[in-house]
Amino acid sequence: MPAVPEGTLSVVLMIGAGLFVWSFARAASADLGFVAEQLIVRYCRSSESVNSPEEFEAHWLRMEERIRRLPRGVAVAQSVTVPFESQWTYSVLLNGDTLPLIKGGGLHLNGISTDYFRALQTPVIRGR
C-alpha cells in the first residue's frame with residue numbers, strides 16, 4: 001500500500017510547486033516604484049585607487065562621465081545604497097525623550113545625487 005502515501009505526497013508537492021511558481025510570477029511583476037530593467041549598478045569602494053576626498057570626487061566624476069556616454073542612457077546618479085538591497089538606519093532621540101526604541105526601526109537614510117529619481121524613472125510627486 002505504499003502507492004497511496006506516495007501519490008498523496010506527489011499531489012502535495014505538485015500543489016506546492018504550482019503555488020511557488022504563481023507566487024514567483026506575482027513577485028516578479030510587482031511594481032517596485034522604479035524601472036529596474038535598464039538600470040546599471042556599479043559598486044565603488046572608497047579605497048579603490050583613491051587617497052583623498054578630492055581624488056574620490058574626481059574618480060566619481062570620471063566614472064559618471066564614462067557612463068553618460070553609453071548609448072540610450074536616461075540619467076546617471078550616485079547613491080549610498082540600492083533600493084531593496086541595503087539601508088542605513090539611525091535612531092534619532094531628543095534629550096529627555098522617553099519613547100521606547102523599536103528594534104530594527106529608526107530613520108532610514110540614503111545619500112543620493114541630483115538625478116537619482118530621474119535615473120530610476122521614479123516620479124517625484126511633491127517635495128522640495
# chains A, B, ... in the order shown; residues from 1 in each chain; ligands from 1
call {"tool": "residues_around", "arguments": {"residues": "Glu85 in chain A", "least_positions_apart": "3", "cutoff": "12 Å", "atoms": "only C-alpha atoms", "output": "list in words"}}
result
Val41, Val80, Thr81, Val82, Trp88 and Asn110 of chain A
call {"tool": "atom_distance", "arguments": {"atom1": "CA of Asp115 in chain A", "atom2": "CA of Asn51 in chain A"}}
result
26.5 Å
call {"tool": "residues_around", "arguments": {"residues": "range 65-75 of chain A", "least_positions_apart": "2", "cutoff": "7 Å", "atoms": "only C-alpha atoms", "output": "PyMOL selection string"}}
result
chain A and resi 61-63+77+115+118-119
call {"tool": "write_last_selection", "arguments": {"atoms": "N, CA and C atoms", "output": "PDB file, in the first residue's frame"}}
result
ATOM      1  N   LEU A  61      33.418  61.585 -10.679  1.00  0.00           N
ATOM      2  CA  LEU A  61      33.073  62.422 -11.835  1.00  0.00           C
ATOM      3  C   LEU A  61      33.528  61.768 -13.138  1.00  0.00           C
ATOM      4  N   ARG A  62      34.728  61.172 -13.140  1.00  0.00           N
ATOM      5  CA  ARG A  62      35.200  60.457 -14.336  1.00  0.00           C
ATOM      6  C   ARG A  62      34.288  59.267 -14.650  1.00  0.00           C
ATOM      7  N   MET A  63      33.911  58.536 -13.614  1.00  0.00           N
ATOM      8  CA  MET A  63      33.047  57.375 -13.819  1.00  0.00           C
ATOM      9  C   MET A  63      31.678  57.813 -14.347  1.00  0.00           C
ATOM     10  N   ALA A  77      23.287  58.708 -11.815  1.00  0.00           N
ATOM     11  CA  ALA A  77      23.146  59.197 -10.449  1.00  0.00           C
ATOM     12  C   ALA A  77      24.008  58.369  -9.509  1.00  0.00           C
ATOM     13  N   ASP A 115      20.289  63.560  -9.941  1.00  0.00           N
ATOM     14  CA  ASP A 115      19.474  62.833 -10.923  1.00  0.00           C
ATOM     15  C   ASP A 115      19.017  61.451 -10.458  1.00  0.00           C
ATOM     16  N   ARG A 118      15.417  60.622 -11.414  1.00  0.00           N
ATOM     17  CA  ARG A 118      15.330  60.568 -12.877  1.00  0.00           C
ATOM     18  C   ARG A 118      15.961  59.276 -13.407  1.00  0.00           C
ATOM     19  N   ALA A 119      17.079  58.871 -12.826  1.00  0.00           N
ATOM     20  CA  ALA A 119      17.748  57.639 -13.256  1.00  0.00           C
ATOM     21  C   ALA A 119      16.880  56.412 -12.969  1.00  0.00           C
TER      22      ALA A 119
END
call {"tool": "closest_residue", "arguments": {"among": "A:Pro53, A:Pro5, A:Gly33, A:Gly96", "to": "Gln121 in chain A", "atoms": "only C-alpha atoms"}}
result
A:Gly33
call {"tool": "select_by_dssp", "arguments": {"residues": "chain A", "states": "helix (DSSP H, G or I)", "output": "PyMOL selection string"}}
result
chain A and resi 3-28+53-68+116-119
call {"tool": "write_last_selection", "arguments": {"atoms": "N, CA and C atoms", "output": "CSV table (one decimal), in the first residue's frame"}}
result
chain,number,residue,atom,x,y,z
A,3,ALA,N,1.6,3.0,-2.4
A,3,ALA,CA,1.2,3.9,-3.5
A,3,ALA,C,0.4,5.0,-3.1
A,4,VAL,N,-0.4,4.8,-2.1
A,4,VAL,CA,-1.3,5.9,-1.6
A,4,VAL,C,-0.5,7.0,-0.9
A,5,PRO,N,0.5,6.8,0.0
A,5,PRO,CA,1.3,7.9,0.6
A,5,PRO,C,2.1,8.6,-0.5
A,6,GLU,N,2.7,7.8,-1.4
A,6,GLU,CA,3.5,8.4,-2.5
A,6,GLU,C,2.6,9.3,-3.4
A,7,GLY,N,1.4,8.8,-3.7
A,7,GLY,CA,0.5,9.6,-4.6
A,7,GLY,C,0.1,10.9,-3.9
A,8,THR,N,-0.2,10.8,-2.6
A,8,THR,CA,-0.6,11.9,-1.8
A,8,THR,C,0.6,12.9,-1.7
A,9,LEU,N,1.8,12.4,-1.5
A,9,LEU,CA,3.0,13.3,-1.4
A,9,LEU,C,3.2,13.9,-2.8
A,10,SER,N,3.0,13.2,-3.8
A,10,SER,CA,3.2,13.8,-5.2
A,10,SER,C,2.2,14.9,-5.4
A,11,VAL,N,1.0,14.7,-5.0
A,11,VAL,CA,-0.1,15.8,-5.2
A,11,VAL,C,0.3,17.0,-4.4
A,12,VAL,N,0.7,16.8,-3.1
A,12,VAL,CA,1.1,17.9,-2.3
A,12,VAL,C,2.3,18.7,-2.8
A,13,LEU,N,3.3,17.9,-3.3
A,13,LEU,CA,4.5,18.6,-3.9
A,13,LEU,C,4.1,19.3,-5.2
A,14,MET,N,3.2,18.8,-6.0
A,14,MET,CA,2.8,19.5,-7.3
A,14,MET,C,2.0,20.8,-6.9
A,15,ILE,N,1.2,20.7,-5.9
A,15,ILE,CA,0.4,21.9,-5.5
A,15,ILE,C,1.4,22.9,-4.9
A,16,GLY,N,2.4,22.5,-4.1
A,16,GLY,CA,3.4,23.4,-3.6
A,16,GLY,C,4.2,24.0,-4.7
A,17,ALA,N,4.6,23.3,-5.7
A,17,ALA,CA,5.4,23.8,-6.8
A,17,ALA,C,4.5,24.8,-7.6
A,18,GLY,N,3.3,24.5,-7.8
A,18,GLY,CA,2.4,25.4,-8.5
A,18,GLY,C,2.2,26.7,-7.8
A,19,LEU,N,2.0,26.7,-6.4
A,19,LEU,CA,1.9,27.9,-5.6
A,19,LEU,C,3.2,28.7,-5.6
A,20,PHE,N,4.4,28.0,-5.6
A,20,PHE,CA,5.7,28.7,-5.7
A,20,PHE,C,5.8,29.4,-7.0
A,21,VAL,N,5.5,28.8,-8.1
A,21,VAL,CA,5.6,29.4,-9.4
A,21,VAL,C,4.6,30.6,-9.5
A,22,TRP,N,3.4,30.4,-9.0
A,22,TRP,CA,2.4,31.5,-9.0
A,22,TRP,C,2.9,32.7,-8.2
A,23,SER,N,3.5,32.4,-7.0
A,23,SER,CA,4.0,33.5,-6.1
A,23,SER,C,5.2,34.2,-6.8
A,24,PHE,N,6.1,33.4,-7.4
A,24,PHE,CA,7.2,34.0,-8.0
A,24,PHE,C,6.8,34.9,-9.2
A,25,ALA,N,5.8,34.5,-10.0
A,25,ALA,CA,5.4,35.3,-11.1
A,25,ALA,C,4.8,36.6,-10.6
A,26,ARG,N,4.0,36.5,-9.5
A,26,ARG,CA,3.4,37.7,-8.9
A,26,ARG,C,4.5,38.7,-8.4
A,27,ALA,N,5.5,38.1,-7.7
A,27,ALA,CA,6.6,38.9,-7.1
A,27,ALA,C,7.4,39.6,-8.3
A,28,ALA,N,7.6,38.8,-9.3
A,28,ALA,CA,8.4,39.4,-10.5
A,28,ALA,C,7.7,40.5,-11.2
A,53,PRO,N,39.7,62.8,-0.3
A,53,PRO,CA,38.4,63.1,-0.7
A,53,PRO,C,38.3,63.8,-2.1
A,54,GLU,N,39.4,64.6,-2.4
A,54,GLU,CA,39.4,65.2,-3.8
A,54,GLU,C,39.6,64.1,-4.9
A,55,GLU,N,40.4,63.2,-4.6
A,55,GLU,CA,40.6,62.1,-5.6
A,55,GLU,C,39.3,61.2,-5.7
A,56,PHE,N,38.7,61.0,-4.6
A,56,PHE,CA,37.4,60.3,-4.6
A,56,PHE,C,36.4,61.0,-5.5
A,57,GLU,N,36.2,62.3,-5.3
A,57,GLU,CA,35.3,63.1,-6.1
A,57,GLU,C,35.6,63.0,-7.6
A,58,ALA,N,36.9,63.2,-7.9
A,58,ALA,CA,37.4,63.2,-9.3
A,58,ALA,C,37.1,61.8,-9.9
A,59,HIS,N,37.3,60.8,-9.1
A,59,HIS,CA,37.1,59.4,-9.6
A,59,HIS,C,35.6,59.2,-9.9
A,60,TRP,N,34.7,59.7,-9.0
A,60,TRP,CA,33.3,59.6,-9.3
A,60,TRP,C,32.9,60.4,-10.5
A,61,LEU,N,33.4,61.6,-10.7
A,61,LEU,CA,33.1,62.4,-11.8
A,61,LEU,C,33.5,61.8,-13.1
A,62,ARG,N,34.7,61.2,-13.1
A,62,ARG,CA,35.2,60.5,-14.3
A,62,ARG,C,34.3,59.3,-14.6
A,63,MET,N,33.9,58.5,-13.6
A,63,MET,CA,33.0,57.4,-13.8
A,63,MET,C,31.7,57.8,-14.3
A,64,GLU,N,31.1,58.9,-13.8
A,64,GLU,CA,29.8,59.4,-14.3
A,64,GLU,C,29.9,59.8,-15.7
A,65,GLU,N,31.0,60.5,-16.1
A,65,GLU,CA,31.2,60.9,-17.5
A,65,GLU,C,31.2,59.7,-18.4
A,66,ARG,N,31.9,58.7,-18.1
A,66,ARG,CA,32.0,57.5,-18.9
A,66,ARG,C,30.7,56.8,-19.1
A,67,ILE,N,29.9,56.8,-18.0
A,67,ILE,CA,28.6,56.1,-18.0
A,67,ILE,C,27.6,57.0,-18.9
A,68,ARG,N,27.7,58.3,-18.8
A,68,ARG,CA,26.9,59.2,-19.6
A,68,ARG,C,27.0,59.0,-21.1
A,116,TYR,N,19.1,61.2,-9.2
A,116,TYR,CA,18.7,59.9,-8.6
A,116,TYR,C,17.3,59.4,-9.1
A,117,PHE,N,16.3,60.2,-8.8
A,117,PHE,CA,14.9,59.8,-9.2
A,117,PHE,C,14.7,59.8,-10.7
A,118,ARG,N,15.4,60.6,-11.4
A,118,ARG,CA,15.3,60.6,-12.9
A,118,ARG,C,16.0,59.3,-13.4
A,119,ALA,N,17.1,58.9,-12.8
A,119,ALA,CA,17.7,57.6,-13.3
A,119,ALA,C,16.9,56.4,-13.0
call {"tool": "closest_residue", "arguments": {"among": "A:Val35, A:Lys103, A:His108, A:Tyr43", "to": "Leu120 in chain A", "atoms": "only C-alpha atoms"}}
result
A:Val35
call {"tool": "select_by_dssp", "arguments": {"residues": "chain A", "states": "strand (DSSP E or B)", "output": "PDB file with C-alpha atoms, in the first residue's frame"}}
result
ATOM      1  CA  SER A  79      23.617  56.776  -4.116  1.00  0.00           C
ATOM      2  CA  TRP A  88      21.456  52.971   6.709  1.00  0.00           C
ATOM      3  CA  THR A  89      19.374  53.193   9.860  1.00  0.00           C
ATOM      4  CA  TYR A  90      19.857  55.718  12.638  1.00  0.00           C
ATOM      5  CA  LEU A 107      15.481  56.834  10.487  1.00  0.00           C
ATOM      6  CA  HIS A 108      16.385  55.305   7.118  1.00  0.00           C
ATOM      7  CA  LEU A 109      18.921  57.323   5.110  1.00  0.00           C
ATOM      8  CA  ILE A 112      21.787  60.472  -3.393  1.00  0.00           C
TER       9      ILE A 112
END
